[in-house]
file upload03.txt (compact mmCIF, C-alpha atoms)
# COMPACT_ATOMS: atom_id res chain seq x y z
CA MET S 1 19.59 8.63 26.09
CA SER S 2 17.14 10.02 28.65
CA TYR S 3 14.82 12.79 27.52
CA SER S 4 15.27 16.28 28.94
CA PRO S 5 13.62 19.24 27.17
CA ALA S 6 16.02 21.75 28.72
CA ASP S 7 19.05 19.76 27.53
CA SER S 8 17.50 19.44 24.07
CA LEU S 9 17.09 23.19 23.70
CA ARG S 10 20.63 23.85 24.88
CA ALA S 11 21.90 21.25 22.42
CA VAL S 12 21.27 23.37 19.29
CA THR S 13 21.48 27.15 19.01
CA LEU S 14 21.22 29.72 16.25
CA ASP S 15 25.02 30.03 16.32
CA ASP S 16 25.27 26.29 15.68
CA VAL S 17 23.02 26.61 12.64
CA ARG S 18 24.96 29.60 11.34
CA GLY S 19 28.19 27.65 11.81
CA ALA S 20 26.68 24.75 9.89
CA GLN S 21 25.73 27.12 7.08
CA LYS S 22 29.36 28.24 6.72
CA MET S 23 30.51 24.63 6.81
CA LEU S 24 28.08 23.69 4.04
CA SER S 25 29.12 26.54 1.74
CA GLY S 26 30.11 24.98 -1.57
CA VAL S 27 28.79 21.58 -0.44
CA ALA S 28 25.01 21.86 -0.17
CA ARG S 29 23.01 23.93 -2.62
CA ALA S 30 20.93 26.90 -1.55
CA THR S 31 17.87 25.32 -3.14
CA ALA S 32 15.33 27.25 -5.16
CA MET S 33 12.05 28.59 -3.85
CA GLU S 34 9.21 28.48 -6.36
CA GLY S 35 5.84 30.19 -6.14
CA SER S 36 2.69 28.11 -6.64
CA ARG S 37 -0.22 29.98 -8.18
CA HIS S 38 -2.59 27.04 -7.68
CA LEU S 39 -1.83 26.65 -3.97
CA SER S 40 -1.84 30.42 -3.51
CA GLN S 41 -5.37 30.57 -4.88
CA LEU S 42 -6.48 27.77 -2.55
CA VAL S 43 -4.90 29.29 0.55
CA GLY S 44 -5.83 32.86 -0.35
CA ALA S 45 -2.25 34.03 0.18
CA PRO S 46 1.15 33.53 -1.47
CA VAL S 47 2.49 29.98 -1.20
CA HIS S 48 6.11 29.17 -1.98
CA LEU S 49 7.74 25.75 -2.35
CA LYS S 50 11.22 25.28 -0.84
CA CYS S 51 12.71 22.75 -3.24
CA GLU S 52 14.95 20.47 -1.18
CA ASN S 53 13.98 17.76 -3.66
CA LEU S 54 16.53 19.52 -5.90
CA GLN S 55 19.28 19.30 -3.27
CA ARG S 56 22.32 17.12 -3.97
CA THR S 57 21.38 13.46 -3.39
CA GLY S 58 17.73 14.50 -3.83
CA SER S 59 16.92 15.52 -0.26
CA PHE S 60 17.88 17.76 2.68
CA LYS S 61 19.70 14.87 4.39
CA LEU S 62 23.11 15.83 2.98
CA ARG S 63 23.11 18.95 5.15
CA GLY S 64 22.94 17.21 8.51
CA ALA S 65 25.08 14.24 7.50
CA TYR S 66 27.90 16.46 6.28
CA VAL S 67 27.93 18.64 9.40
CA ARG S 68 27.91 15.57 11.66
CA ILE S 69 30.76 13.80 9.85
CA ALA S 70 32.79 16.98 9.41
CA GLY S 71 32.71 17.44 13.19
CA LEU S 72 34.31 14.06 13.95
CA LEU S 73 37.73 13.88 15.54
CA PRO S 74 40.61 12.61 13.34
CA GLU S 75 40.66 9.23 15.09
CA GLU S 76 36.89 8.91 14.61
CA ARG S 77 37.19 9.67 10.92
CA ALA S 78 39.90 7.04 10.64
CA ALA S 79 37.50 4.43 12.05
CA GLY S 80 34.91 5.24 9.38
CA VAL S 81 31.18 5.81 9.76
CA VAL S 82 28.10 3.60 9.55
CA ALA S 83 24.44 4.43 8.99
CA ALA S 84 21.11 2.69 8.52
CA SER S 85 18.53 3.98 6.09
CA ALA S 86 16.00 3.00 3.45
CA GLY S 87 17.15 5.79 1.15
CA ASN S 88 17.64 9.52 1.74
CA HIS S 89 19.89 9.39 4.82
CA ALA S 90 21.86 6.60 3.14
CA GLN S 91 22.65 8.79 0.16
CA GLY S 92 23.41 11.84 2.30
CA VAL S 93 25.90 9.91 4.46
CA ALA S 94 27.48 8.28 1.41
CA LEU S 95 28.14 11.56 -0.41
CA ALA S 96 29.16 13.48 2.72
CA SER S 97 31.65 10.75 3.64
CA THR S 98 33.13 10.68 0.15
CA LEU S 99 33.52 14.47 0.08
CA LEU S 100 35.29 14.34 3.46
CA GLY S 101 37.46 11.33 2.63
CA VAL S 102 35.83 9.09 5.24
CA ARG S 103 35.03 5.42 4.71
CA SER S 104 31.29 4.73 4.97
CA THR S 105 29.16 1.63 5.37
CA VAL S 106 25.41 1.89 4.98
CA PHE S 107 22.94 -0.80 6.02
CA MET S 108 19.72 -0.84 4.02
CA PRO S 109 16.64 -3.09 4.23
CA GLN S 110 16.60 -5.99 1.80
CA GLY S 111 13.46 -4.57 0.21
CA ALA S 112 14.91 -1.09 -0.36
CA PRO S 113 14.22 0.24 -3.88
CA LEU S 114 16.99 -0.66 -6.31
CA PRO S 115 17.52 2.96 -7.51
CA LYS S 116 18.24 4.05 -3.93
CA ILE S 117 20.67 1.16 -3.37
CA SER S 118 22.48 1.94 -6.63
CA ALA S 119 22.69 5.66 -5.86
CA THR S 120 24.10 5.01 -2.38
CA ARG S 121 26.82 2.81 -3.85
CA GLU S 122 27.60 5.34 -6.56
CA TYR S 123 28.03 8.05 -3.92
CA GLY S 124 30.80 5.92 -2.43
CA ALA S 125 29.36 3.85 0.41
CA GLN S 126 29.68 0.14 0.95
CA VAL S 127 26.07 -1.07 1.07
CA ARG S 128 24.98 -4.02 3.18
CA LEU S 129 21.44 -5.31 2.86
CA HIS S 130 20.01 -6.59 6.13
CA GLY S 131 16.54 -7.06 7.58
CA GLN S 132 13.05 -6.55 6.21
CA VAL S 133 12.25 -3.38 8.18
CA VAL S 134 14.32 -0.36 9.17
CA ASP S 135 14.40 -1.36 12.87
CA GLU S 136 16.25 -4.57 11.96
CA THR S 137 18.57 -2.63 9.69
CA LEU S 138 19.24 -0.10 12.44
CA ALA S 139 20.14 -2.84 14.93
CA ALA S 140 22.57 -4.36 12.44
CA ALA S 141 24.27 -1.01 11.88
CA GLN S 142 24.64 -0.42 15.61
CA GLU S 143 26.11 -3.91 16.07
CA TYR S 144 28.57 -3.14 13.28
CA ALA S 145 29.55 0.11 15.00
CA ALA S 146 30.15 -1.69 18.30
CA ALA S 147 32.23 -4.40 16.62
CA THR S 148 34.36 -2.19 14.36
CA GLY S 149 34.58 1.17 16.15
CA ALA S 150 32.89 2.95 13.23
CA VAL S 151 30.90 6.02 14.27
CA PHE S 152 27.14 5.58 13.96
CA ILE S 153 25.56 8.52 12.13
CA HIS S 154 21.99 8.88 13.34
CA PRO S 155 19.52 10.27 10.80
CA PHE S 156 17.98 12.83 13.18
CA ASP S 157 18.87 12.37 16.86
CA HIS S 158 22.07 14.41 17.15
CA PRO S 159 22.68 18.16 17.62
CA ASP S 160 25.07 18.40 14.65
CA VAL S 161 22.51 16.78 12.35
CA ILE S 162 19.79 19.15 13.56
CA ALA S 163 22.07 22.16 13.09
CA GLY S 164 22.76 21.09 9.52
CA GLN S 165 19.07 20.68 8.73
CA GLY S 166 18.42 24.08 10.32
CA THR S 167 20.24 25.77 7.45
CA VAL S 168 17.03 25.22 5.45
CA GLY S 169 15.36 27.66 7.86
CA LEU S 170 18.03 30.32 7.34
CA GLU S 171 17.59 30.03 3.58
CA ILE S 172 13.82 30.38 3.89
CA LEU S 173 14.20 33.66 5.81
CA GLU S 174 16.68 34.94 3.23
CA GLN S 175 14.53 33.96 0.25
CA CYS S 176 11.12 34.89 1.71
CA PRO S 177 11.65 37.43 4.52
CA GLU S 178 7.92 38.16 4.67
CA VAL S 179 7.03 34.51 5.49
CA ARG S 180 4.31 34.00 8.12
CA THR S 181 3.96 30.19 8.13
CA ILE S 182 6.41 27.37 7.41
CA VAL S 183 4.99 23.88 6.82
CA VAL S 184 7.40 20.93 7.07
CA GLY S 185 7.10 17.16 7.20
CA ILE S 186 8.13 15.36 10.39
CA GLY S 187 9.53 11.86 10.78
CA GLY S 188 12.06 11.69 13.60
CA GLY S 189 11.98 15.47 13.84
CA GLY S 190 15.46 16.58 12.80
CA LEU S 191 14.42 18.87 9.94
CA ALA S 192 11.51 20.47 11.79
CA ALA S 193 13.64 20.98 14.90
CA GLY S 194 16.49 22.56 12.96
CA ILE S 195 14.19 24.91 11.05
CA ALA S 196 12.44 25.85 14.31
CA VAL S 197 15.72 26.71 16.06
CA ALA S 198 16.85 28.98 13.23
CA VAL S 199 13.53 30.64 12.44
CA LYS S 200 12.19 31.19 15.95
CA ALA S 201 15.48 32.80 17.04
CA LEU S 202 15.22 35.39 14.27
CA ARG S 203 11.47 35.56 13.65
CA PRO S 204 9.50 34.29 16.67
CA ASP S 205 6.28 35.48 15.00
CA VAL S 206 6.57 32.89 12.21
CA ARG S 207 4.24 29.93 12.73
CA ILE S 208 5.82 26.52 12.18
CA VAL S 209 3.52 23.61 11.36
CA GLY S 210 4.76 20.02 11.30
CA VAL S 211 3.05 17.34 9.21
CA GLN S 212 2.97 13.59 9.80
CA ALA S 213 1.33 10.75 7.92
CA ALA S 214 -1.71 9.57 9.89
CA GLY S 215 -0.43 5.98 9.90
CA ALA S 216 2.95 6.98 11.35
CA ALA S 217 2.03 9.83 13.67
CA ALA S 218 4.26 9.36 16.71
CA TYR S 219 4.53 13.08 17.54
CA PRO S 220 0.91 13.85 18.50
CA VAL S 221 0.80 11.04 21.08
CA SER S 222 4.30 11.87 22.28
CA LEU S 223 3.54 15.55 22.72
CA ALA S 224 0.38 14.66 24.62
CA ALA S 225 2.40 12.37 26.90
CA GLY S 226 5.21 14.89 27.38
CA ARG S 227 7.87 12.38 26.30
CA PRO S 228 8.82 10.40 23.19
CA VAL S 229 6.42 7.49 22.76
CA SER S 230 6.84 4.58 20.35
CA ILE S 231 4.00 3.50 18.09
CA ASP S 232 3.73 -0.03 16.74
CA ASN S 233 3.97 -0.75 13.02
CA PRO S 234 3.99 2.76 11.54
CA THR S 235 2.45 2.44 8.09
CA THR S 236 2.56 4.94 5.24
CA MET S 237 3.73 5.21 1.65
CA ALA S 238 5.85 8.16 2.83
CA ASP S 239 8.92 6.18 3.87
CA GLY S 240 10.89 9.37 4.54
CA ILE S 241 8.66 10.16 7.55
CA ARG S 242 7.77 6.58 8.55
CA VAL S 243 9.36 6.72 12.00
CA GLY S 244 7.92 4.94 15.02
CA ARG S 245 9.45 7.12 17.75
CA PRO S 246 10.57 10.77 17.89
CA GLY S 247 14.22 11.42 18.50
CA ASP S 248 15.07 12.51 22.04
CA VAL S 249 16.99 15.62 20.98
CA PRO S 250 14.54 16.91 18.35
CA PHE S 251 11.50 16.07 20.50
CA GLY S 252 12.27 18.75 23.09
CA ILE S 253 12.84 21.34 20.38
CA VAL S 254 9.69 20.44 18.47
CA GLY S 255 7.65 20.49 21.68
CA ASP S 256 8.82 24.01 22.57
CA LEU S 257 9.20 25.68 19.18
CA VAL S 258 6.88 24.00 16.65
CA ASP S 259 3.42 25.53 16.92
CA GLU S 260 1.34 22.62 15.65
CA VAL S 261 1.66 19.08 14.32
CA ARG S 262 -0.98 17.96 11.81
CA THR S 263 -1.64 14.60 10.16
CA VAL S 264 -2.57 13.79 6.57
CA SER S 265 -4.08 10.69 4.96
CA GLU S 266 -2.57 8.48 2.28
CA GLY S 267 -5.08 9.85 -0.21
CA GLU S 268 -4.04 13.42 0.59
CA LEU S 269 -0.38 12.47 0.18
CA SER S 270 -0.94 10.94 -3.24
CA THR S 271 -3.07 13.89 -4.38
CA ALA S 272 -0.32 16.28 -3.23
CA LEU S 273 2.36 14.34 -5.09
CA LEU S 274 0.27 14.44 -8.25
CA LEU S 275 -0.27 18.19 -7.85
CA CYS S 276 3.46 18.83 -7.45
CA LEU S 277 4.14 16.87 -10.62
CA GLU S 278 1.36 18.37 -12.75
CA ARG S 279 1.19 21.95 -11.51
CA ALA S 280 4.69 22.69 -10.21
CA LYS S 281 6.56 20.32 -12.58
CA LEU S 282 8.47 18.94 -9.59
CA VAL S 283 9.18 15.29 -8.84
CA VAL S 284 8.59 14.90 -5.10
CA GLU S 285 8.47 11.78 -2.93
CA PRO S 286 5.42 11.24 -0.68
CA ALA S 287 7.23 12.50 2.44
CA GLY S 288 8.30 15.61 0.57
CA ALA S 289 4.72 16.23 -0.53
CA SER S 290 3.33 16.06 3.02
CA PRO S 291 3.32 19.87 3.56
CA VAL S 292 1.38 20.29 0.31
CA ALA S 293 -1.05 17.60 1.50
CA ALA S 294 -1.65 19.62 4.67
CA LEU S 295 -2.36 22.75 2.64
CA LEU S 296 -4.81 20.86 0.45
CA SER S 297 -6.61 19.29 3.42
CA GLU S 298 -7.43 22.61 5.08
CA PRO S 299 -6.20 25.58 3.02
CA GLY S 300 -7.90 28.18 5.21
CA ALA S 301 -5.88 27.18 8.27
CA PHE S 302 -2.60 28.75 7.10
CA GLU S 303 -1.70 32.43 7.28
CA GLY S 304 0.35 33.59 4.33
CA PRO S 305 2.83 34.02 2.93
CA VAL S 306 3.37 30.26 3.39
CA VAL S 307 6.53 28.26 2.66
CA ALA S 308 6.04 24.51 2.18
CA VAL S 309 9.27 22.53 2.43
CA LEU S 310 9.52 19.82 -0.24
CA SER S 311 12.04 17.74 1.68
CA GLY S 312 12.96 15.18 -0.96
CA GLY S 313 12.43 13.80 -4.43
CA ASN S 314 13.86 10.29 -4.23
CA VAL S 315 10.84 8.26 -5.25
CA ASP S 316 11.01 4.74 -6.63
CA PRO S 317 9.48 4.71 -10.16
CA VAL S 318 7.30 1.70 -9.28
CA LEU S 319 5.95 3.51 -6.22
CA MET S 320 5.52 6.67 -8.27
CA GLU S 321 3.26 4.85 -10.72
CA ARG S 322 1.12 3.43 -7.90
CA VAL S 323 0.91 6.75 -6.08
CA LEU S 324 0.00 8.68 -9.20
CA ARG S 325 -2.82 6.27 -9.96
CA HIS S 326 -3.97 6.54 -6.36
CA GLY S 327 -3.87 10.32 -6.62
CA MET S 328 -5.80 10.29 -9.88
CA ALA S 329 -8.40 8.00 -8.33
CA ALA S 330 -8.73 10.32 -5.33
CA GLN S 331 -9.50 13.16 -7.75
CA GLY S 332 -11.97 11.06 -9.73
CA ARG S 333 -9.62 10.94 -12.72
CA TYR S 334 -8.98 7.22 -12.68
CA LEU S 335 -11.67 4.56 -12.88
CA ALA S 336 -11.37 0.78 -12.56
CA VAL S 337 -14.45 -1.28 -13.47
CA ARG S 338 -15.22 -4.96 -13.98
CA LEU S 339 -18.02 -6.06 -16.25
CA ARG S 340 -19.33 -9.10 -18.10
CA LEU S 341 -20.05 -9.43 -21.77
CA THR S 342 -21.00 -12.14 -24.22
CA ASP S 343 -17.92 -14.00 -25.43
CA ARG S 344 -18.25 -13.65 -29.19
CA PRO S 345 -16.05 -12.13 -31.93
CA GLY S 346 -16.14 -8.35 -31.88
CA ALA S 347 -17.72 -8.08 -28.40
CA LEU S 348 -14.65 -6.43 -26.86
CA ALA S 349 -14.34 -3.97 -29.76
CA THR S 350 -18.03 -3.06 -29.41
CA MET S 351 -17.56 -2.35 -25.70
CA LEU S 352 -14.48 -0.19 -26.35
CA GLY S 353 -16.49 1.68 -28.97
CA ALA S 354 -19.07 2.56 -26.29
CA LEU S 355 -16.24 4.01 -24.20
CA SER S 356 -14.89 6.08 -27.08
CA VAL S 357 -18.26 7.82 -27.39
CA VAL S 358 -17.90 9.21 -23.84
CA ASP S 359 -14.19 10.05 -24.40
CA ALA S 360 -12.75 7.71 -21.76
CA ASN S 361 -9.05 6.91 -22.22
CA VAL S 362 -8.40 3.16 -21.82
CA LEU S 363 -5.13 2.52 -19.95
CA ASP S 364 -5.37 -1.23 -19.50
CA VAL S 365 -7.70 -4.12 -20.36
CA GLY S 366 -7.85 -7.50 -18.62
CA HIS S 367 -9.87 -10.18 -20.45
CA VAL S 368 -10.82 -13.42 -18.65
CA ARG S 369 -12.64 -16.27 -20.43
CA THR S 370 -11.86 -19.26 -18.19
CA ASP S 371 -13.31 -18.87 -14.72
CA PRO S 372 -15.75 -21.18 -12.88
CA ARG S 373 -17.95 -18.18 -12.10
CA LEU S 374 -18.50 -17.45 -15.79
CA GLY S 375 -21.14 -19.01 -17.99
CA LEU S 376 -20.19 -20.89 -21.13
CA THR S 377 -20.72 -17.84 -23.34
CA GLU S 378 -19.52 -15.19 -20.91
CA ALA S 379 -16.26 -13.28 -20.49
CA GLU S 380 -15.18 -10.89 -17.78
CA VAL S 381 -13.31 -7.69 -18.54
CA GLU S 382 -11.46 -5.40 -16.13
CA LEU S 383 -10.90 -1.88 -17.42
CA HIS S 384 -8.56 0.81 -16.13
CA LEU S 385 -9.63 4.17 -17.48
CA GLU S 386 -8.34 7.72 -17.31
CA THR S 387 -11.23 10.13 -16.83
CA LYS S 388 -11.77 13.87 -16.38
CA GLY S 389 -13.25 13.85 -12.88
CA PRO S 390 -16.12 12.45 -10.77
CA THR S 391 -18.82 13.70 -13.19
CA HIS S 392 -17.09 12.03 -16.12
CA CYS S 393 -16.70 8.77 -14.11
CA ALA S 394 -20.45 8.71 -13.53
CA GLU S 395 -21.04 9.39 -17.24
CA VAL S 396 -18.80 6.46 -18.23
CA VAL S 397 -20.56 4.04 -15.87
CA ARG S 398 -23.96 5.21 -17.09
CA ALA S 399 -22.95 4.76 -20.73
CA LEU S 400 -21.81 1.18 -20.10
CA ARG S 401 -25.02 0.30 -18.31
CA GLU S 402 -27.16 1.88 -21.03
CA ALA S 403 -25.24 -0.23 -23.55
CA GLY S 404 -26.42 -3.33 -21.69
CA TYR S 405 -23.30 -4.23 -19.70
CA THR S 406 -23.44 -5.45 -16.08
CA ILE S 407 -21.00 -3.56 -13.85
CA LEU S 408 -19.49 -5.89 -11.24
CA GLY S 409 -17.32 -3.35 -9.42
call {"tool": "encode", "arguments": {"input": "upload03.txt", "output": "structure tokens"}}
result
Amino acid sequence: MSYSPADSLRAVTLDDVRGAQKMLSGVARATAMEGSRHLSQLVGAPVHLKCENLQRTGSFKLRGAYVRIAGLLPEERAAGVVAASAGNHAQGVALASTLLGVRSTVFMPQGAPLPKISATREYGAQVRLHGQVVDETLAAAQEYAAATGAVFIHPFDHPDVIAGQGTVGLEILEQCPEVRTIVVGIGGGGLAAGIAVAVKALRPDVRIVGVQAAGAAAYPVSLAAGRPVSIDNPTTMADGIRVGRPGDVPFGIVGDLVDEVRTVSEGELSTALLLCLERAKLVVEPAGASPVAALLSEPGAFEGPVVAVLSGGNVDPVLMERVLRHGMAAQGRYLAVRLRLTDRPGALATMLGALSVVDANVLDVGHVRTDPRLGLTEAEVELHLETKGPTHCAEVVRALREAGYTILG
């Protein structure tokens, strides 16, 4: 599809979004909006969290998938639908198809998290694992569509999908009519484009800020070039926004209606996820936490009241553990140290006693006795500690050194 900004803007209107909202009545939840006292204090204005992580299937993707599939002609429905996704879109297509009585096939990467594969199957889709990366999975799904006649359901590059996602914007205006800034994560651009269409038509004064992971930031370079540009090897823990090229349809809308696109680091993403869990009591995936990461990175840049869209909560438990540790480390609340001690009975207990004096919580201990680098009477210990912040980390290291231990790293 060739890119045309004028065609993109004509492709989705406020009436389309309102029509999608009627279509989704009784299907998608009008998700809750929760205030955040902690973020409000940082920003200096009210901050609200739009909880699409509590949507059916755990993300906003059901909205667009349902509207797209519901709009198919009878003969298209009879041929079934096919999609490619590592998780959220897969589950949205699976449930939407089941609700509409349409057969669905979803291609997922071979390394997709098992909980997401299981959920997609339970929602009613036939799952096929293919490829190591999403691009390979996408190609396989498109080949399947060409061979079988099944309709390919794109995750973001279609007007019906964008209209469905835009219903999030209508809900924001209903729930927080005084909103001044909306912050939303951007991958391919479907959610940001849909929100922008709905909000700017009714409240052109509202500022819309998109957020991308720095390692997968295709929009800044594309906007600078005036056309969608592909980036090689997008890399981020936030798989929900790990997209190497903006969609043609959403790109024109984002370029005209989204006021700014910011980037956030992996450390900021993990800190934001930890904050959502600890302060808001909300399980959010890294992509869903990206708006919070933007607020944390520069809180004074956002005029309030602010609504941050938590786009999804489908996070693999293994990834969650890694991200939480990363977030704790970024806040100085997690410390990993290696040290050497004399290999004699009671030496490890003595060292742990030194840690108890400074109130460090030991999470894990690795004890190595057989290594060519070690002397005959030496052992190496790797400690993973939970601490109270950077000052406490320094206190722990100082206590170990004063006790005579050599810190290796």
call {"tool": "residues_around", "arguments": {"input": "upload03.txt", "residues": "stretch 266-279 of chain S", "least_positions_apart": "4", "cutoff": "10 Å", "atoms": "only C-alpha atoms", "output": "PyMOL selection string"}}
result
chain S and resi 36-39+49+213-215+235-238+283-297+310+320+322-331
call {"tool": "closest_residue", "arguments": {"input": "upload03.txt", "among": "S:Ala192, S:Val307, S:Ala301, S:Ala125", "to": "S:Pro46", "atoms": "all atoms listed in the file"}}
result
S:Val307
call {"tool": "residues_around", "arguments": {"input": "upload03.txt", "residues": "stretch 114-117 of chain S", "least_positions_apart": "3", "cutoff": "10 Å", "atoms": "only C-alpha atoms", "output": "short mmCIF file (atom, residue, chain, number, x, y, z; two decimals) with C-alpha atoms, in the coordinates of the input"}}
result
data_model
loop_
_atom_site.label_atom_id
_atom_site.label_comp_id
_atom_site.auth_asym_id
_atom_site.auth_seq_id
_atom_site.Cartn_x
_atom_site.Cartn_y
_atom_site.Cartn_z
CA THR S 57 21.38 13.46 -3.39
CA ALA S 86 16.00 3.00 3.45
CA GLY S 87 17.15 5.79 1.15
CA ASN S 88 17.64 9.52 1.74
CA ALA S 90 21.86 6.60 3.14
CA GLN S 91 22.65 8.79 0.16
CA VAL S 106 25.41 1.89 4.98
CA PHE S 107 22.94 -0.80 6.02
CA MET S 108 19.72 -0.84 4.02
CA PRO S 109 16.64 -3.09 4.23
CA GLN S 110 16.60 -5.99 1.80
CA GLY S 111 13.46 -4.57 0.21
CA THR S 120 24.10 5.01 -2.38
CA ARG S 121 26.82 2.81 -3.85
CA GLU S 122 27.60 5.34 -6.56
CA ALA S 125 29.36 3.85 0.41
CA VAL S 127 26.07 -1.07 1.07
CA ARG S 128 24.98 -4.02 3.18
CA LEU S 129 21.44 -5.31 2.86
CA ASN S 314 13.86 10.29 -4.23
CA VAL S 315 10.84 8.26 -5.25
CA ASP S 316 11.01 4.74 -6.63
CA PRO S 317 9.48 4.71 -10.16
#
call {"tool": "residues_around", "arguments": {"input": "upload03.txt", "residues": "S:Val243", "least_positions_apart": "5", "cutoff": "7 Å", "atoms": "only C-alpha atoms", "output": "PDB file with C-alpha atoms, keeping the file's coordinate frame"}}
result
ATOM      1  CA  GLY S 187       9.530  11.860  10.780  1.00  0.00           C
ATOM      2  CA  GLY S 188      12.060  11.690  13.600  1.00  0.00           C
ATOM      3  CA  ALA S 216       2.950   6.980  11.350  1.00  0.00           C
ATOM      4  CA  PRO S 234       3.990   2.760  11.540  1.00  0.00           C
TER       5      PRO S 234
END
call {"tool": "closest_residue", "arguments": {"input": "upload03.txt", "among": "S:Val221, S:Ala65, S:Val381, S:Ala399", "to": "S:Thr263", "atoms": "all atoms listed in the file"}}
result
S:Val221
call {"tool": "residues_around", "arguments": {"input": "upload03.txt", "residues": "S:Ala146", "least_positions_apart": "5", "cutoff": "12 Å", "atoms": "all atoms listed in the file", "output": "PyMOL selection string"}}
result
chain S and resi 79+81-82+139-141+151-152
call {"tool": "atom_distance", "arguments": {"input": "upload03.txt", "atom1": "atom CA of S:Val396", "atom2": "atom CA of S:Leu341"}}
result
16.3 Å
call {"tool": "atom_distance", "arguments": {"input": "upload03.txt", "atom1": "atom CA of S:Cys51", "atom2": "atom CA of S:Phe302"}}
result
19.4 Å
call {"tool": "closest_residue", "arguments": {"input": "upload03.txt", "among": "S:Val93, S:Leu202, S:Leu385, S:Ile241", "to": "S:Leu335", "atoms": "all atoms listed in the file"}}
result
S:Leu385
call {"tool": "closest_residue", "arguments": {"input": "upload03.txt", "among": "S:His154, S:Met23, S:Ala11, S:Val168", "to": "S:Leu100", "atoms": "all atoms listed in the file"}}
result
S:Met23
call {"tool": "atom_distance", "arguments": {"input": "upload03.txt", "atom1": "atom CA of S:Asp16", "atom2": "atom CA of S:Ala163"}}
result
5.8 Å
